[in-house]
$ cat run-v8.cif   # mmCIF, C-alpha atoms
data_coords
loop_
_atom_site.label_atom_id
_atom_site.label_comp_id
_atom_site.auth_asym_id
_atom_site.auth_seq_id
_atom_site.Cartn_x
_atom_site.Cartn_y
_atom_site.Cartn_z
CA MET A 1355 44.28 115.16 84.67
CA ALA A 1356 46.59 112.88 86.55
CA GLU A 1357 49.47 115.35 86.96
CA HIS A 1358 47.09 117.93 88.28
CA SER A 1359 45.49 116.52 91.39
CA LEU A 1360 43.68 118.66 93.91
CA THR A 1361 46.39 118.25 96.51
CA GLU A 1362 48.92 120.28 94.49
CA ARG A 1363 46.41 123.01 93.70
CA GLN A 1364 47.74 126.28 95.08
CA LYS A 1365 45.46 128.84 96.59
CA PRO A 1366 44.95 131.91 94.44
CA ASN A 1367 46.36 135.14 95.78
CA THR A 1368 44.29 137.79 94.03
CA LYS A 1369 43.50 140.34 96.70
CA HIS A 1370 45.81 143.02 95.30
CA LEU A 1371 44.38 142.53 91.78
CA TRP A 1372 40.81 143.12 92.91
CA LYS A 1373 42.01 146.13 94.87
CA VAL A 1374 43.34 147.66 91.65
CA PHE A 1375 40.01 146.91 89.99
CA TRP A 1376 38.17 148.89 92.67
CA ILE A 1377 40.68 151.74 92.43
CA LEU A 1378 40.15 151.95 88.66
CA LEU A 1379 36.41 151.85 89.11
CA ALA A 1380 36.46 154.53 91.80
CA LEU A 1381 38.66 156.83 89.69
CA THR A 1382 36.32 156.44 86.69
CA ALA A 1383 33.32 157.18 88.91
CA LEU A 1384 35.15 160.23 90.25
CA GLU A 1385 35.74 161.40 86.68
CA PHE A 1386 32.01 161.24 86.07
CA VAL A 1387 31.31 163.24 89.22
CA VAL A 1388 33.79 165.91 88.11
CA ALA A 1389 32.37 165.92 84.57
CA PHE A 1390 28.87 166.76 85.80
CA THR A 1391 29.44 168.89 88.89
CA VAL A 1392 32.30 171.23 87.94
CA ASP A 1393 31.22 174.24 85.87
CA ALA A 1394 32.96 173.85 82.52
CA ASP A 1395 32.53 177.49 81.52
CA HIS A 1396 34.66 178.84 84.35
CA TYR A 1397 36.89 175.93 85.31
CA LYS A 1398 37.63 174.38 81.91
CA TRP A 1399 41.36 173.90 82.47
CA THR A 1400 40.95 172.77 86.07
CA LYS A 1401 38.62 170.08 84.78
CA ILE A 1402 40.96 169.02 82.01
CA GLY A 1403 43.85 168.95 84.48
CA ILE A 1404 41.92 166.69 86.85
CA PHE A 1405 41.00 164.33 83.99
CA VAL A 1406 44.58 164.10 82.75
CA ILE A 1407 45.97 163.44 86.24
CA MET A 1408 43.37 160.73 86.91
CA THR A 1409 44.09 159.15 83.52
CA ILE A 1410 47.78 158.97 84.33
CA ILE A 1411 47.03 157.41 87.74
CA LYS A 1412 44.82 154.80 86.03
CA ALA A 1413 47.54 154.13 83.45
CA TYR A 1414 50.06 153.69 86.29
CA TYR A 1415 47.90 151.01 87.94
CA ILE A 1416 47.13 149.16 84.70
CA VAL A 1417 50.75 149.12 83.53
CA GLY A 1418 52.34 148.66 86.94
CA ILE A 1419 50.08 146.03 88.47
CA PHE A 1420 48.00 144.40 85.70
CA MET A 1421 50.89 144.28 83.23
CA HIS A 1422 53.43 143.60 86.02
CA LEU A 1423 55.84 146.22 84.73
CA GLY A 1424 56.45 147.28 88.33
CA SER A 1425 58.00 143.90 89.14
CA GLU A 1426 60.35 143.80 86.14
CA THR A 1427 64.01 144.83 86.24
CA LYS A 1428 64.94 148.51 86.28
CA ALA A 1429 66.43 148.42 82.78
CA PHE A 1430 63.20 146.84 81.48
CA ILE A 1431 61.06 149.55 83.08
CA TRP A 1432 63.14 152.36 81.60
CA THR A 1433 63.16 150.72 78.16
CA ILE A 1434 59.40 151.14 78.12
CA VAL A 1435 58.92 154.35 80.11
CA LEU A 1436 61.62 156.54 78.55
CA PRO A 1437 60.21 156.52 74.97
CA VAL A 1438 56.76 157.23 76.39
CA ILE A 1439 58.09 160.34 78.16
CA PHE A 1440 59.28 161.67 74.79
CA VAL A 1441 55.87 160.93 73.32
CA LEU A 1442 54.26 162.98 76.10
CA TRP A 1443 56.54 165.85 75.12
CA LEU A 1444 55.40 165.51 71.49
CA ILE A 1445 51.75 165.61 72.56
CA VAL A 1446 52.18 168.79 74.60
CA ALA A 1447 54.26 170.43 71.86
CA LEU A 1448 51.68 169.78 69.14
CA LEU A 1449 48.75 170.84 71.33
CA VAL A 1450 50.41 174.20 71.86
CA GLU A 1451 51.17 174.36 68.14
CA GLY A 1452 47.50 173.67 67.34
CA GLU A 1453 46.54 177.07 68.72
CA TYR A 1454 48.49 178.71 65.88
CA PHE A 1455 47.40 176.24 63.24
CA GLY A 1456 44.09 177.89 62.35
CA ILE A 1457 42.36 175.02 60.53
CA GLU A 1458 39.26 177.13 59.79
CA LYS A 1459 41.26 178.95 57.11
CA PHE A 1460 41.82 175.77 55.15
CA PHE A 1461 38.26 174.46 55.06
CA MET B 105 77.98 124.56 74.41
CA ALA B 106 77.29 123.66 77.96
CA VAL B 107 75.69 126.85 79.09
CA GLU B 108 72.45 125.23 80.18
CA LYS B 109 74.18 123.26 82.89
CA THR B 110 74.83 126.27 85.08
CA SER B 111 71.56 128.05 84.38
CA VAL B 112 68.80 128.07 86.95
CA ASN B 113 66.20 129.43 84.54
CA PRO B 114 63.52 127.17 83.03
CA PRO B 115 64.31 126.41 79.36
CA HIS B 116 61.40 128.41 77.88
CA LEU B 117 62.75 131.62 79.40
CA LEU B 118 66.25 131.20 77.99
CA TRP B 119 67.49 133.03 74.89
CA GLN B 120 69.86 131.40 72.42
CA GLY B 121 72.94 132.48 74.32
CA GLY B 122 71.70 130.84 77.48
CA THR B 123 71.40 134.09 79.36
CA GLN B 124 68.27 136.07 80.05
CA PRO B 125 68.46 139.77 79.17
CA LEU B 126 66.33 141.96 81.42
CA LYS B 127 65.23 138.80 83.27
CA ALA B 128 62.32 138.30 80.88
CA GLY B 129 61.43 135.63 78.36
CA TYR B 130 62.00 136.45 74.70
CA GLY B 131 58.32 136.39 73.78
CA LYS B 132 57.25 138.59 76.64
CA LEU B 133 59.94 141.19 75.95
CA MET B 134 59.04 141.31 72.27
CA MET B 135 55.38 141.71 73.15
CA TRP B 136 56.36 144.76 75.21
CA ILE B 137 58.40 146.18 72.33
CA PHE B 138 55.42 145.65 70.00
CA LEU B 139 53.14 147.40 72.47
CA LEU B 140 55.59 150.28 72.65
CA SER B 141 55.33 150.65 68.88
CA ASP B 142 51.56 150.55 69.24
CA VAL B 143 51.84 153.35 71.79
CA PHE B 144 53.46 155.44 69.04
CA THR B 145 50.59 154.69 66.65
CA PHE B 146 47.87 155.60 69.11
CA SER B 147 49.81 158.64 70.30
CA GLY B 148 49.97 159.71 66.66
CA PHE B 149 46.19 159.52 66.48
CA LEU B 150 45.64 161.37 69.73
CA VAL B 151 48.21 164.02 68.85
CA THR B 152 46.43 164.56 65.54
CA TYR B 153 43.14 164.80 67.40
CA GLY B 154 44.54 167.40 69.78
CA LEU B 155 46.21 169.42 67.03
CA ILE B 156 43.09 169.55 64.83
CA ARG B 157 40.79 170.21 67.75
CA PHE B 158 42.94 173.10 68.94
CA GLY B 159 43.05 174.37 65.36
CA TYR B 160 39.31 175.12 65.52
CA PRO B 161 38.03 178.07 67.50
CA THR B 162 36.06 177.30 70.66
CA PHE B 163 32.29 177.86 70.58
CA SER B 164 32.52 180.89 72.85
CA GLU B 165 34.91 182.51 70.37
CA VAL B 166 32.49 182.03 67.48
CA VAL B 167 29.19 182.81 69.24
CA ALA B 168 29.64 185.44 71.93
CA GLY B 169 27.92 184.61 75.19
CA MET B 170 27.30 180.92 74.45
CA THR B 171 27.77 178.71 77.51
CA HIS B 172 27.72 174.94 78.04
CA LYS B 173 24.02 175.23 78.90
CA THR B 174 22.99 177.06 75.73
CA PHE B 175 25.39 175.10 73.48
CA GLU B 176 24.15 174.19 70.00
CA PHE B 177 25.87 172.13 67.31
CA SER B 178 27.52 173.95 64.42
CA GLN B 179 29.95 173.16 61.61
CA HIS B 180 32.20 176.02 62.72
CA TYR B 181 33.37 174.82 66.12
CA TRP B 182 34.15 171.62 67.94
CA PRO B 183 31.19 169.97 69.76
CA ILE B 184 31.04 169.21 73.49
CA PRO B 185 31.36 165.39 73.62
CA GLU B 186 28.79 164.92 76.39
CA LYS B 187 26.19 166.63 74.19
CA VAL B 188 26.96 164.18 71.38
CA PHE B 189 27.17 160.87 73.20
CA LYS B 190 24.09 160.81 75.38
CA ALA B 191 21.99 157.93 74.05
CA VAL B 192 21.57 154.53 75.67
CA PRO B 193 20.06 151.46 73.96
CA LEU B 194 16.35 150.87 74.69
CA LEU B 195 16.02 154.31 76.30
CA HIS B 196 14.94 156.29 73.29
CA GLY B 197 14.75 160.05 73.72
CA VAL B 198 16.20 160.05 77.23
CA ASP B 199 19.22 162.31 77.73
CA LEU B 200 21.86 160.30 79.54
CA PRO B 201 25.19 161.95 78.71
CA LEU B 202 28.19 159.60 78.73
CA VAL B 203 26.26 156.86 80.54
CA PHE B 204 26.61 154.29 77.77
CA VAL B 205 30.31 155.01 77.27
CA GLY B 206 30.67 154.70 81.05
CA ILE B 207 29.16 151.23 80.88
CA MET B 208 31.59 150.35 78.07
CA THR B 209 34.50 151.57 80.20
CA PHE B 210 33.29 149.45 83.10
CA ILE B 211 33.07 146.36 80.85
CA LEU B 212 36.62 146.86 79.64
CA ILE B 213 38.01 147.41 83.15
CA PHE B 214 36.17 144.30 84.30
CA SER B 215 37.49 142.17 81.44
CA SER B 216 40.94 143.50 82.28
CA VAL B 217 40.75 142.22 85.83
CA THR B 218 39.45 138.82 84.69
CA MET B 219 42.40 138.66 82.28
CA VAL B 220 44.93 139.35 85.01
CA LEU B 221 43.22 136.68 87.11
CA ALA B 222 43.70 134.25 84.21
CA VAL B 223 47.39 135.18 84.10
CA GLU B 224 47.65 134.62 87.84
CA ALA B 225 45.94 131.25 87.49
CA GLY B 226 48.44 130.43 84.73
CA HIS B 227 51.32 131.04 87.13
CA ARG B 228 49.77 128.43 89.41
CA ARG B 229 49.19 126.14 86.37
CA ASP B 230 45.58 125.89 87.36
CA LYS B 231 43.90 124.85 84.13
CA ALA B 232 40.31 125.14 85.35
CA ASP B 233 40.85 128.66 86.69
CA VAL B 234 42.56 129.84 83.48
CA GLU B 235 39.59 128.52 81.47
CA LYS B 236 37.07 130.21 83.74
CA TRP B 237 38.72 133.63 83.67
CA MET B 238 39.48 133.46 79.94
CA LEU B 239 35.79 132.84 79.26
CA TRP B 240 34.83 135.91 81.29
CA THR B 241 37.41 137.96 79.40
CA ILE B 242 36.13 136.78 76.02
CA LEU B 243 32.58 137.58 77.09
CA GLY B 244 33.64 141.10 78.13
CA GLY B 245 35.35 141.61 74.77
CA PHE B 246 32.23 140.58 72.87
CA ILE B 247 29.98 142.86 74.91
CA PHE B 248 32.34 145.76 74.37
CA LEU B 249 32.44 145.20 70.61
CA SER B 250 28.64 144.97 70.41
CA SER B 251 28.32 148.17 72.44
CA GLN B 252 30.68 149.92 70.10
CA ALA B 253 28.74 148.69 67.07
CA TRP B 254 25.58 150.15 68.59
CA GLU B 255 27.27 153.45 69.39
CA TRP B 256 28.65 153.77 65.86
CA THR B 257 25.24 153.03 64.37
CA HIS B 258 23.62 155.69 66.51
CA PHE B 259 26.37 158.20 65.70
CA ILE B 260 26.04 157.56 61.95
CA HIS B 261 22.24 157.82 61.94
CA GLY B 262 22.19 160.90 64.13
CA THR B 263 19.35 162.66 65.90
CA GLU B 264 15.76 162.92 64.70
CA HIS B 265 15.83 166.67 64.10
CA GLY B 266 19.30 166.73 62.52
CA LEU B 267 21.16 169.98 61.94
CA THR B 268 19.85 172.74 59.66
CA LEU B 269 22.65 174.54 57.85
CA GLU B 270 22.74 178.22 56.81
CA ASP B 271 21.56 177.36 53.28
CA GLY B 272 18.44 175.64 54.63
CA THR B 273 19.43 172.02 54.09
CA THR B 274 19.18 169.59 56.98
CA ILE B 275 21.82 166.96 57.59
CA PHE B 276 21.48 163.86 59.74
CA GLY B 277 24.17 161.95 61.59
CA ALA B 278 27.90 161.78 61.23
CA LYS B 279 29.51 160.56 58.03
CA LEU B 280 33.00 161.09 56.66
CA GLY B 281 31.83 164.02 54.53
CA ILE B 282 29.08 165.62 56.60
CA ASN B 283 28.51 165.68 60.33
CA GLU B 284 25.53 167.13 62.15
CA TYR B 285 27.43 167.27 65.44
CA GLY B 286 30.24 169.54 64.30
CA PRO B 287 33.06 169.77 61.76
CA PRO B 288 33.44 166.61 59.60
CA ASN B 289 36.92 166.23 61.12
CA PHE B 290 35.29 165.40 64.45
CA ALA B 291 33.50 162.40 62.93
CA ASN B 292 36.55 161.35 60.92
CA LEU B 293 38.77 161.30 63.98
CA PHE B 294 36.08 159.50 65.97
CA PHE B 295 35.82 156.76 63.35
CA PHE B 296 39.58 156.44 62.98
CA ILE B 297 40.50 156.37 66.66
CA THR B 298 37.64 154.31 68.11
CA GLY B 299 37.70 152.14 64.98
CA PHE B 300 41.40 151.40 65.33
CA HIS B 301 40.88 150.68 69.01
CA GLY B 302 37.88 148.47 68.23
CA PHE B 303 40.02 146.58 65.72
CA HIS B 304 42.55 145.98 68.49
CA VAL B 305 39.77 144.68 70.73
CA PHE B 306 38.64 142.38 67.92
CA ILE B 307 42.16 140.96 67.48
CA GLY B 308 42.37 140.64 71.27
CA VAL B 309 39.17 138.61 71.40
CA LEU B 310 40.53 136.29 68.67
CA LEU B 311 43.77 135.83 70.63
CA ASN B 312 41.80 135.20 73.82
CA ILE B 313 39.72 132.55 72.08
CA MET B 314 42.93 130.93 70.82
CA VAL B 315 44.38 130.89 74.35
CA PHE B 316 41.16 129.44 75.72
CA TYR B 317 41.16 126.75 73.02
CA ASN B 318 44.79 125.81 73.71
CA THR B 319 44.21 125.78 77.47
CA THR B 320 41.18 123.52 77.11
CA ASN B 321 43.18 121.15 74.93
CA GLY B 322 45.86 121.00 77.60
CA ILE B 323 48.58 122.39 75.32
CA TYR B 324 50.00 124.73 77.97
CA GLN B 325 49.70 122.04 80.62
CA LYS B 326 51.82 119.77 78.42
CA ARG B 327 54.25 122.58 77.68
CA GLY B 328 54.69 123.07 81.40
CA HIS B 329 54.04 126.80 81.49
CA TYR B 330 51.29 129.31 80.69
CA GLU B 331 53.48 132.10 79.34
CA MET B 332 51.18 132.51 76.34
CA VAL B 333 48.36 133.62 78.66
CA GLU B 334 50.71 136.24 80.05
CA LYS B 335 51.70 137.55 76.61
CA VAL B 336 48.14 137.78 75.33
CA GLY B 337 47.24 139.29 78.70
CA LEU B 338 49.76 142.08 78.11
CA TYR B 339 48.10 142.85 74.79
CA TRP B 340 44.64 142.81 76.33
CA HIS B 341 45.64 145.17 79.14
CA PHE B 342 47.17 147.47 76.57
CA VAL B 343 43.82 147.63 74.77
CA ASP B 344 42.22 148.60 78.07
CA LEU B 345 44.94 151.20 78.62
CA VAL B 346 44.30 152.78 75.22
CA TRP B 347 40.60 152.96 76.04
CA VAL B 348 41.39 154.82 79.28
CA PHE B 349 43.09 157.50 77.16
CA VAL B 350 40.44 157.53 74.42
CA PHE B 351 37.75 157.84 77.09
CA THR B 352 39.46 160.86 78.64
CA PHE B 353 40.42 162.73 75.49
CA PHE B 354 37.43 161.90 73.32
CA TYR B 355 34.55 161.80 75.77
CA LEU B 356 35.48 163.77 78.87
CA VAL B 357 37.68 166.66 77.76
#
$ encode --input "run-v8.cif" --output "structure tokens"
Amino acid sequence: MAEHSLTERQKPNTKHLWKVFWILLALTALEFVVAFTVDADHYKWTKIGIFVIMTIIKAYYIVGIFMHLGSETKAFIWTIVLPVIFVLWLIVALLVEGEYFGIEKFF
Amino acid sequence: MAVEKTSVNPPHLLWQGGTQPLKAGYGKLMMWIFLLSDVFTFSGFLVTYGLIRFGYPTFSEVVAGMTHKTFEFSQHYWPIPEKVFKAVPLLHGVDLPLVFVGIMTFILIFSSVTMVLAVEAGHRRDKADVEKWMLWTILGGFIFLSSQAWEWTHFIHGTEHGLTLEDGTTIFGAKLGINEYGPPNFANLFFFITGFHGFHVFIGVLLNIMVFYNTTNGIYQKRGHYEMVEKVGLYWHFVDLVWVFVFTFFYLV
């Protein structure tokens, strides 16, 4: 294309993106290590805690860097993050409630 | 109205009033709002999963003394995911827990980084680079969908020995009504959640193909900006994000 000559071609700046890729990959690998080395009979909740924390870290990198939410305005960030915080509350509330639900009775 | 005269923003980022709320283009902001609504949908699914799973007793409550090592499938308690998903294509009979789903996760993370590279290339208006990275992303999407199709097939057909119930009948595989791996609810939730996610991936692949097609035809070059790549990119990353959560709560926990 005429308007797109090689002289005006900018150099890609993708170092930070690949870095996030390796972080995500390392965290997933770490999850696998935890899944197969930690004894699930004795440390069930430790395991689950580790998985949840690593998931949230991964979500932070995907949303913050890949989706560029980190570089938006403050009001934009809160528009997205605040509803999600309430959703997290709902999840925890219903998990606790599930203990009392007793599905076995109904089936 | 002469609002445009004083504005420093490019025209495609301006809203009707000439100002730019939240310093984002209309389309991009609305894509975010849509994704937020999609967060609610997927949270609904995962909340339901958690509630129903916690409603069942754990295996050690039903069978005293059972550990992860001696675990066996039963209709009365929730299965351990790594005992269910341990098959890999072409490696028949080899126990490789979570390996295949790990490969799928890797594919999705990889296609996510190629997508963000396409977005970055779009900011530089580098047509050739956008095309290259979009192709990689589309390829990743296709591989993921094929992998999921294989996993579903395996899950539906089940193991060779099946599960023998108390009344002597043997059931094979996971269907909506019966499930050799555990309570039927386990299979139902699996089909609903991974199916809904797979449908999102499918739509994402279609959108990616559309973006690739438009890029190749020079539509964005003519338009002067590649914002469409960014918007579809947001959607694609969201699909990856959902998988991160599905992977944790369905396969690991």
$ closest_residue --input "run-v8.cif" --among "A:Val1374, A:Leu1448, A:Ala1394, A:Ala1380" --to "Phe175 in chain B" --atoms "only C-alpha atoms"
A:Ala1394
$ closest_residue --input "run-v8.cif" --among "B:Leu269, B:Val166, B:Met135, B:Ile297" --to "Tyr285 in chain B" --atoms "only C-alpha atoms"
B:Leu269
$ resolve_selection --input "run-v8.cif" --expression "the PyMOL selection byres ((chain B) within 6 of (chain A))" --output "list in words"
Leu126, Val151, Gly154, Leu155, Phe158, Gly159, Tyr160, Val220, Leu338 and Val357 of chain B
$ write_last_selection --input "run-v8.cif" --atoms "C-alpha atoms" --output "mmCIF file, in the frame of the given file"
data_model
loop_
_atom_site.group_PDB
_atom_site.id
_atom_site.type_symbol
_atom_site.label_atom_id
_atom_site.label_comp_id
_atom_site.auth_asym_id
_atom_site.auth_seq_id
_atom_site.Cartn_x
_atom_site.Cartn_y
_atom_site.Cartn_z
ATOM 1 C CA LEU B 126 66.330 141.960 81.420
ATOM 2 C CA VAL B 151 48.210 164.020 68.850
ATOM 3 C CA GLY B 154 44.540 167.400 69.780
ATOM 4 C CA LEU B 155 46.210 169.420 67.030
ATOM 5 C CA PHE B 158 42.940 173.100 68.940
ATOM 6 C CA GLY B 159 43.050 174.370 65.360
ATOM 7 C CA TYR B 160 39.310 175.120 65.520
ATOM 8 C CA VAL B 220 44.930 139.350 85.010
ATOM 9 C CA LEU B 338 49.760 142.080 78.110
ATOM 10 C CA VAL B 357 37.680 166.660 77.760
#
$ resolve_selection --input "run-v8.cif" --expression "the PyMOL selection byres ((chain B and resi 116-119) around 9)" --output "ChimeraX atom specification"
/B:108,111,113-115,120-125,127-131,329,331
$ atom_distance --input "run-v8.cif" --atom1 "CA of Val348 in chain B" --atom2 "CA of Ile313 in chain B"
23.5 Å
$ resolve_selection --input "run-v8.cif" --expression "the PyMOL selection byres ((chain B and resi 192) around 12)" --output "list in words"
Val188, Phe189, Lys190, Ala191, Pro193, Leu194, Leu195, His196, Gly197, Val198, Asp199, Leu200, Pro201, Leu202, Val203, Phe204, Val205, Gly206, Ile207, Met208, Ser251, Gln252, Trp254, Glu255, Thr257, His258 and Phe259 of chain B
$ axis_aligned_box --input "run-v8.cif" --around "range 1369-1385 of chain A" --padding-each-side "5 Å" --output "JSON"
{"center_x": 39.6, "center_y": 150.9, "center_z": 91.7, "size_x": 22.5, "size_y": 31.1, "size_z": 20.0}
$ atom_distance --input "run-v8.cif" --atom1 "CA of Glu264 in chain B" --atom2 "CA of Val167 in chain B"
24.4 Å
$ atom_distance --input "run-v8.cif" --atom1 "CA of Arg229 in chain B" --atom2 "CA of His304 in chain B"
27.5 Å
$ closest_residue --input "run-v8.cif" --among "B:Ala232, B:Tyr339, B:Ser147, B:Val217" --to "Lys132 in chain B" --atoms "all atoms listed in the file"
B:Tyr339
$ residues_around --input "run-v8.cif" --residues "Glu284 in chain B" --least-positions-apart "6" --cutoff "7 Å" --atoms "all atoms listed in the file" --output "list in words"
Gly266, Leu267, Ile275, Phe276, Gly277 and Ala278 of chain B
$ residues_around --input "run-v8.cif" --residues "Gly245 in chain B" --least-positions-apart "2" --cutoff "8 Å" --atoms "all atoms listed in the file" --output "list of chain:residue names"
B:Leu212, B:Ser215, B:Thr241, B:Ile242, B:Leu243, B:Ile247, B:Phe248, B:Leu249, B:Val305, B:Phe306, B:Gly308, B:Val309
$ build_atoms --input "run-v8.cif" --residues "range 1434-1460 of chain A" --atoms "N, CA and C atoms" --output "compact mmCIF listing (two decimals), in the frame of the given file"
# COMPACT_ATOMS: atom_id res chain seq x y z
N ILE A 1434 60.78 150.84 78.51
CA ILE A 1434 59.40 151.14 78.12
C ILE A 1434 59.04 152.59 78.44
N VAL A 1435 59.42 153.05 79.62
CA VAL A 1435 58.92 154.35 80.11
C VAL A 1435 59.60 155.52 79.39
N LEU A 1436 60.89 155.40 79.12
CA LEU A 1436 61.62 156.54 78.55
C LEU A 1436 61.04 157.00 77.20
N PRO A 1437 60.83 156.07 76.23
CA PRO A 1437 60.21 156.52 74.97
C PRO A 1437 58.85 157.18 75.18
N VAL A 1438 58.10 156.68 76.15
CA VAL A 1438 56.76 157.23 76.39
C VAL A 1438 56.86 158.68 76.88
N ILE A 1439 57.91 158.96 77.68
CA ILE A 1439 58.09 160.34 78.16
C ILE A 1439 58.29 161.28 76.98
N PHE A 1440 59.08 160.84 75.97
CA PHE A 1440 59.28 161.67 74.79
C PHE A 1440 57.98 161.86 74.02
N VAL A 1441 57.15 160.82 73.99
CA VAL A 1441 55.87 160.93 73.32
C VAL A 1441 54.99 161.98 74.01
N LEU A 1442 55.03 161.99 75.35
CA LEU A 1442 54.26 162.98 76.10
C LEU A 1442 54.69 164.40 75.70
N TRP A 1443 55.99 164.56 75.54
CA TRP A 1443 56.54 165.85 75.12
C TRP A 1443 55.98 166.24 73.76
N LEU A 1444 55.95 165.26 72.83
CA LEU A 1444 55.40 165.51 71.49
C LEU A 1444 53.95 165.96 71.58
N ILE A 1445 53.17 165.28 72.44
CA ILE A 1445 51.75 165.61 72.56
C ILE A 1445 51.58 167.06 73.02
N VAL A 1446 52.30 167.43 74.08
CA VAL A 1446 52.18 168.79 74.60
C VAL A 1446 52.62 169.80 73.54
N ALA A 1447 53.73 169.50 72.87
CA ALA A 1447 54.26 170.43 71.86
C ALA A 1447 53.24 170.68 70.76
N LEU A 1448 52.61 169.61 70.27
CA LEU A 1448 51.68 169.78 69.14
C LEU A 1448 50.36 170.39 69.58
N LEU A 1449 49.96 170.17 70.85
CA LEU A 1449 48.75 170.84 71.33
C LEU A 1449 48.95 172.35 71.34
N VAL A 1450 50.11 172.78 71.83
CA VAL A 1450 50.41 174.20 71.86
C VAL A 1450 50.45 174.74 70.43
N GLU A 1451 51.05 173.95 69.54
CA GLU A 1451 51.17 174.36 68.14
C GLU A 1451 49.79 174.50 67.49
N GLY A 1452 48.84 173.66 67.93
CA GLY A 1452 47.50 173.67 67.34
C GLY A 1452 46.82 175.02 67.45
N GLU A 1453 47.14 175.76 68.52
CA GLU A 1453 46.54 177.07 68.72
C GLU A 1453 46.87 178.01 67.57
N TYR A 1454 48.05 177.81 66.95
CA TYR A 1454 48.49 178.71 65.88
C TYR A 1454 48.16 178.16 64.50
N PHE A 1455 47.57 176.97 64.48
CA PHE A 1455 47.40 176.24 63.24
C PHE A 1455 46.28 176.84 62.40
N GLY A 1456 45.18 177.22 63.06
CA GLY A 1456 44.09 177.89 62.35
C GLY A 1456 43.48 177.08 61.23
N ILE A 1457 42.90 175.91 61.55
CA ILE A 1457 42.36 175.02 60.53
C ILE A 1457 41.21 175.66 59.76
N GLU A 1458 40.42 176.47 60.42
CA GLU A 1458 39.26 177.13 59.79
C GLU A 1458 39.62 177.73 58.44
N LYS A 1459 40.82 178.30 58.34
CA LYS A 1459 41.26 178.95 57.11
C LYS A 1459 41.28 177.99 55.94
N PHE A 1460 41.60 176.72 56.23
CA PHE A 1460 41.82 175.77 55.15
C PHE A 1460 40.54 175.09 54.68
